[in-house]
Amino acid sequence: MSEEKIGVYICHCGTNIAKVVDVEDVAEWAGNQPNVEVSREYKFMCSSLGQDLIEEDIKEKGLTRIVVSSCSPHMHEKTFRTACERGGLNPFLVEMANIREHNSWTTDDKVAATQKAKALTNAAIERVVHHQPLEQLPVEINPNTLVVGGGIAGITAALELANGGRHVYLVEREPSIGGHMAQLDKTFPTLDCSACILTPKMVDVGQHPNITLLTWSEVEKVDGFIGNFTVNIRKKARYVNEEHCTGCGICIEKCPFNVVDDIFEAGMGDRKVIYRPFPQAVPKYPVIDKENCVYFQKGKCKACEKFCPTEPNSIEFDQEDEILTVDVGNIILATGFQLFDSTNIPQYGYGRLQNVFTGIEFERMVNASGPTDGKIVLRDKKTAPKSVAIIHCVGSRDENYHKYCSKICCMYSLKFAHLVHERIPDAEVYNCYIDMRTPGKGYEEFYNRLLEEGTHFIRGKVAEVTNAARKPEEEGKLIVQVEDTLIGRQRRVPVDMVILSPAMEAQPDSKEISQLFKMGCDFDGFFTERHPKLDPVATMTDGILIAGACQGPKDVPDSVAQGAAAAARVAGLINLGTVMMEPVRASIHQEECSGCRICNNMCPYNAIVFHADRKVSEVITALCQGCGTCVAACPSGIISGAHFTNDQLFSQIEGILWDVRPEKELVSA
Amino acid sequence: MKKFAYFPGCSLEKLALSYNNSSVETSRMLGVELQELEDWNCCGATTYFHVDQLLAYTLVARNLAMAEKEGLDLVAPCSACYKNAYFTNKYIKEDADLAEHINYALEEDDLQFQGKINVHHVIEIFVNEIGVEEVAAKVTNPLEGLRVAPYYGCQIVRPKHNGMESENPQFFEALVSAMGAEAVDFPERLRCCGGSLIMTSRHAALDMVRTLLQSAVNCGTDVIATACPLCQVNLECYQLQVNDEFGTNFKLPVLYFTQLLGLAMGLPPKKIGIGSELVSVAPFFKKYLSKQVS
C-alpha cells in the first residue's frame with residue numbers, strides 16, 4: 001500500500017449533482033477506501049469556501065493527493081489546481097472525477113447514478129496515487145497575429161490589434177476584403193448604408209502600416225502551437241503586379257469580355273474577365289479570371305496589357321502562385337458563412353419559377369450600385385411587382401435541412417419589406433413567418449414600424465410556391481400556399497414576386513478548415529467555442545480564436561463584437577509575453593530505446609530527433625504537444641507521456657471497475 | 001428472369017383489372033416476372049390502421065411473411081397497399097417489440113417474419129430494377145406527340161422514404177419520356193386525389209378531383225397516367241359527377257402508366273384492358289393511331 005494521504009471532495013453543485021447522486025453516501029463510502037485520509041461533501045466545491053476546505057485540509061492533515069468529484073475538468077480543473085497550489089501542493093497532484101456532465105445530467109436513476117459516481121471517484125482515487133509533481137513550461141508569444149477572413153469580423157479584429165501597435169497578417173480568399181456586408185444595401189434596424197459604414201474600415205485596413213493584407217490568398221498549412229505558429233499561405237496569381245498597378249481601372253474598362261458574376265452579384269449582374277468585385281474594393285488592384293480569360297484559353301487578346309498605362313506594364317500573364325511562410329503567435333479565424341442553397345427546397349420554386357428570388361439576389365437588386373441600380377423589378381428587368389411575398393425560415397428551423405434558427409432572417413426579411421414599401425409605395429407585401437424573432441437593440445421597434453407601414457404578416461410555414469392557378473385572379477401569378485395559423489385557414493396568396501430568406505450555414509469547407517487549424521467544428525459545420533457562454537471566441541486549441549458567423553449565425557453588431565473580443569484576448573496574451581503550457585509531454589527512456597525510429601515520423605510536430613551516434617531517439621520537450629501518438633506507437637512501450645503514464649491509466653481503469661474486479665488480483669500490482 | 005412476389009391487392013381483382021393485366025404483361029416483356037403471392041389477404045387499406053393498429057400491422061405482415069418464405073421481395077401496384085406494406089416492413093425491422101407481437105400472431109398460421117425482404121411499388125420496378133433506358137429500348141411504337149400528365153398521387157412519395165425525392169420527383173416523367181410521349185409540366189401531380197374521402201365528404205373530394213382535372217387540362221394534357229387504382233377511380237369514374245356538381249365539361253381519359261407502356265411496346269390494346277373506360281380514350285387514340293398509321 002502506498003504512503004499517500006488522499007483528500008476526496010464530493011460536490012453537490014447546488015442540486016445539479018445532489019438531486020440525482022446520493023452525495024453523502026458517496027462521500028462516506030470514499031472515506032473507507034485505501035489511502036483516503038479525509039472525505040467530504042460540500043454544496044459548491046468551486047466556491048471560495050469549498051476551495052478553502054481543500055487548502056486547510058492540505059495544511060492541517062498533511063494531504064498529499066486531492067480528488068474532486070464535481071463537473072468537467074474543462075470547467076474547474078484550473079480552480080482546483082490553484083487551490084492545491086495555495087495549500088502548498090504541486091497542482092498536478094489533483095484529479096477530477098466528472099460526476100455531473102458524465103453522470104447526474106444524463107440520468108434520473110438515483111441508484112445507478114450513485115453507483116457510477118462511486119466508480120468514477122474510485123478511478124480518480126486509484127489514479128491520483130500515481131500522479132507525479134510536474135512543472136508548467138513557459139512559452140514565448142510571437143507578437144504577430146494571423147487573421148483569416150476579411151469580412152466585418154476579421155476586419156474588426158485586424159484593426160483592433162493593428163491600432164494597438166501589433167502586426168497582423170489578414171488573409172482573404174476573394175480578391176477584396178469586405179465579405180457579405182459589402183454586398184448589402186442597408187443594414188437593419190437603423191437602415192444605415194452598409195457601404196458607408198464599411199468602406200472607411202476597409203480603407204483603414206488597406207492603408208494600415210501594421211497590417212499585411214493578403215487577398216486572393218488561402219492558408220494551406222499550419223504548424224506549431226500557441227505563441228509559435230508557422231503558417232503557409234498560397235497567394236494566388238493575380239496576373240497584375242501590385243507594385244506597379246495604380247488601380248486606374250482602364251484595363252477593366254477595355255476588357256472586351258463579360259461573364260456572370262456569381263459571387264459578388266449573386267448571379268444578378270455581370271463583371272469583366274479582369275475585374276474588381278465592386279468599385280470600393282480593397283485592395284484596388286484587379287484580378288484576371290483565368291478560367292474565362294480569352295488570352296489564357298485561346299492565346300489571343302491581351303487588351304488589358306495593351307491599354308495598361310503604367311510603366312512598367314502591370315499586367316503579368318506569367319505570374320505564378322506564391323507560397324508565403326509567416327510566423328505568428330495567435331490565429332483568429334473569421335471565415336464567415338454561406339447562404340443555404342434554395343434549390344434544395346424544390347417546392348419553393350427557386351430556379352424553376354423565374355420570379356422567385358433569394359435574399360442575396362434581392363440585396364443586390366435594391367443596392368443603388370447593383371445590377372438594376374436599386375430598382376425592384378421582376379426577372380424581365382423592367383416590370384415592378386405590385387405584390388411581393390417574403391418567405392422566412394428557408395432551410396432553417398426545418399428538420400429536413402437545418403434545425404437551428406438562423407437568427408438574422410426575421411430582421412433582414414423585415415428590412416426587405418420596408419425597402420419594397422419605400423421603393424414601390426402601392427405594393428402589397430406579405431411576410432410569411434413561423435415566429436417573429438426580433439431580439440436586439442431597436443429590433444422589436446423596427447418590427448412595430450413595419451406593422452405600421454402596412455406589411456401583411458401571415459404566421460405559418462409556407463407549403464409551396466406554384467404557378468398553377470386555380471382561380472382567374474391567380475392567372476399569371478405566383479401563388480403562395482400557406483396555412484395562416486392565426487386564423488386557422490389555408491390561404492393561397494397570389495403575388496408577382498417571391499423572396500426567399502435562406503438560412504446562414506457554415507462554409508462548405510468548414511470541416512477542412514477546422515482540421516487545418518486543428519480545432520473543432522460542430523455537426524452543422526460551425527466552429528466550436530471553448531464555452532458557449534463564458535468563452536465564445538476561444539477554441540479548445542490554445543492560440544486559435546474564432547469570431548463572427550463561422551461560429552454560428554450572427555448579424556453585423558454581434559460579428560463586430562466577437563472580432564473585437566478575439567483581438568482583445570490576443571492583445572492580452574501578447575502583453576503577457578509568455579504563456580504557461582501544460583507540462584503534458586512525452587519522454588523516451590534513453591537506456592531502453594532500441595532506435596527503431598518508428599516514432600520519428602509519427603510525430604505531427606516534428607518534436608522527435610534521432611541521435612545517430614547513440615542510436616536512440618529523443619523528444620524535444622519544447623516542441624512536444626503531448627498528443628500521445630508516439631507513446632501508443634512505441635513497440636517497446638518505453639515512451640511515456642507525463643500525466644498519462646501506463647500506471648496512471650491502468651489504475652484508473654481498474655479503479656472504475658472496483659465492483660466487478662476479482663479480489664486482490666490487480667493487474668498493475 | 002428476375003422474380004418478385006406480386007401482391008395485386010383487392011382492387012386489381014376487379015375494378016382495376018386492366019392495371020393488373022398491363023403490369024404483369026409489360027414487366028414480363030421487360031424480363032421481370034411478377035409471381036402472384038398465393039393466398040394473400042387485404043392490406044388494411046386506408047381505414048384499418050385507424051381502427052386497430054397492431055391488428056392492421058399483423059394483417060400486412062402475413063403477406064410479408066409469405067413473400068419472405070418464398071425468398072422474394074414484395075411488389076404492390078396500388079399506392080395504398082405499397083405504403084402499408086412498406087411502412088409495416090420498416091417498423092417491424094426497427095421495433096423488436098412490435099416484431100415479437102406480430103410473430104406471436106403469425107405463429108397461428110405457421111409463419112414467421114424476420115424482416116429480410118424489401119417492398120417496392122410496381123413503378124419502382126420499371127424505374128429502378130429494369131431502368132428507364134432499358135424500357136426505352138423495348139419501345140417499338142413510341143407514343144410520339146401524346147401529351148401525358150404523370151400523376152404521382154400522394155402515397156408513392158409520402159411520407160418520405162427510400163431516399164426518394166418527395167417534393168420534386170422526376171422518375172414518372174422519365175418513364176413517360178421513355179415511352180416516346182411528352183410528359184407535361186403538371187404542377188398538381190403530387191396532390192391528393194381525395195382518396196376515400198369520396199365516401200365520407202363527397203363534395204370536398206369532388207372539389208379535389210376538379211382541381212386536378214382543371215390543372216391537367218390547363219397544361220394541355222391528352223391523357224393522365226396514374227400508378228394507383230384509387231387515383232384512377234377518383235379521377236375517371238367521378239369525372240361525370242364533377243361535371244354535374246361544378247358545371248364543368250371534362251372528358252379527360254385516365255389510364256394506368258402500364259397501359260400506356262403496353263401500347264408503346266406494341267401490345268394489343270385489349271390485352272392491357274383498353275376499351276372498358278368510362279371516359280373514352282377515342283380522341284387521343286385517334287391522334288395516337290393516326291400517327292401509327294402514317
# chains A, B, ... in the order shown; residues from 1 in each chain; ligands from 1
$ interface_residues --of "chain B" --to "chain A" --cutoff "9 Å" --atoms "only C-alpha atoms" --output "list in words"
Glu167, Asn168, Phe186, Pro187, Glu188, Thr211, Gln214, Ser215 and Asn218 of chain B
$ residues_around --residues "Glu38 of chain B" --least-positions-apart "5" --cutoff "12 Å" --atoms "only C-alpha atoms" --output "ChimeraX atom specification"
/B:5-9,62-67,69-70
$ atom_distance --atom1 "atom CA of Ser636 of chain A" --atom2 "atom CA of His589 of chain A"
10.4 Å
$ residues_around --residues "Met580 of chain A" --least-positions-apart "6" --cutoff "7 Å" --atoms "only C-alpha atoms" --output "PyMOL selection string"
chain A and resi 136-139
$ residues_around --residues "Cys304 of chain A" --least-positions-apart "6" --cutoff "8 Å" --atoms "only C-alpha atoms" --output "MDAnalysis selection string"
chainID A and resid 250:252 254:255 274 315
$ atom_distance --atom1 "atom CA of Arg585 of chain A" --atom2 "atom CA of Ala642 of chain A"
5.3 Å
$ closest_residue --among "B:Asp52, B:Asp207, B:Glu277, B:Glu134" --to "Cys193 of chain B" --atoms "only C-alpha atoms"
B:Asp207
$ closest_residue --among "B:Leu34, B:Ala16, B:Ala45, B:Val139" --to "Thr226 of chain B" --atoms "only C-alpha atoms"
B:Ala16
$ residues_around --residues "segment 550-563 of chain A" --least-positions-apart "2" --cutoff "8 Å" --atoms "only C-alpha atoms" --output "MDAnalysis selection string"
chainID A and resid 152:157 181 333:337 406:408 504:507 526:529 537 546:548 565:567
$ residues_around --residues "segment 608-611 of chain A" --least-positions-apart "3" --cutoff "8 Å" --atoms "only C-alpha atoms" --output "list of chain:residue names"
A:Gly595, A:Arg597, A:Cys599, A:Asn600, A:Cys603, A:Arg614, A:Lys615, A:Val616, A:Ser617, A:Glu618, A:Val619, A:Ile620
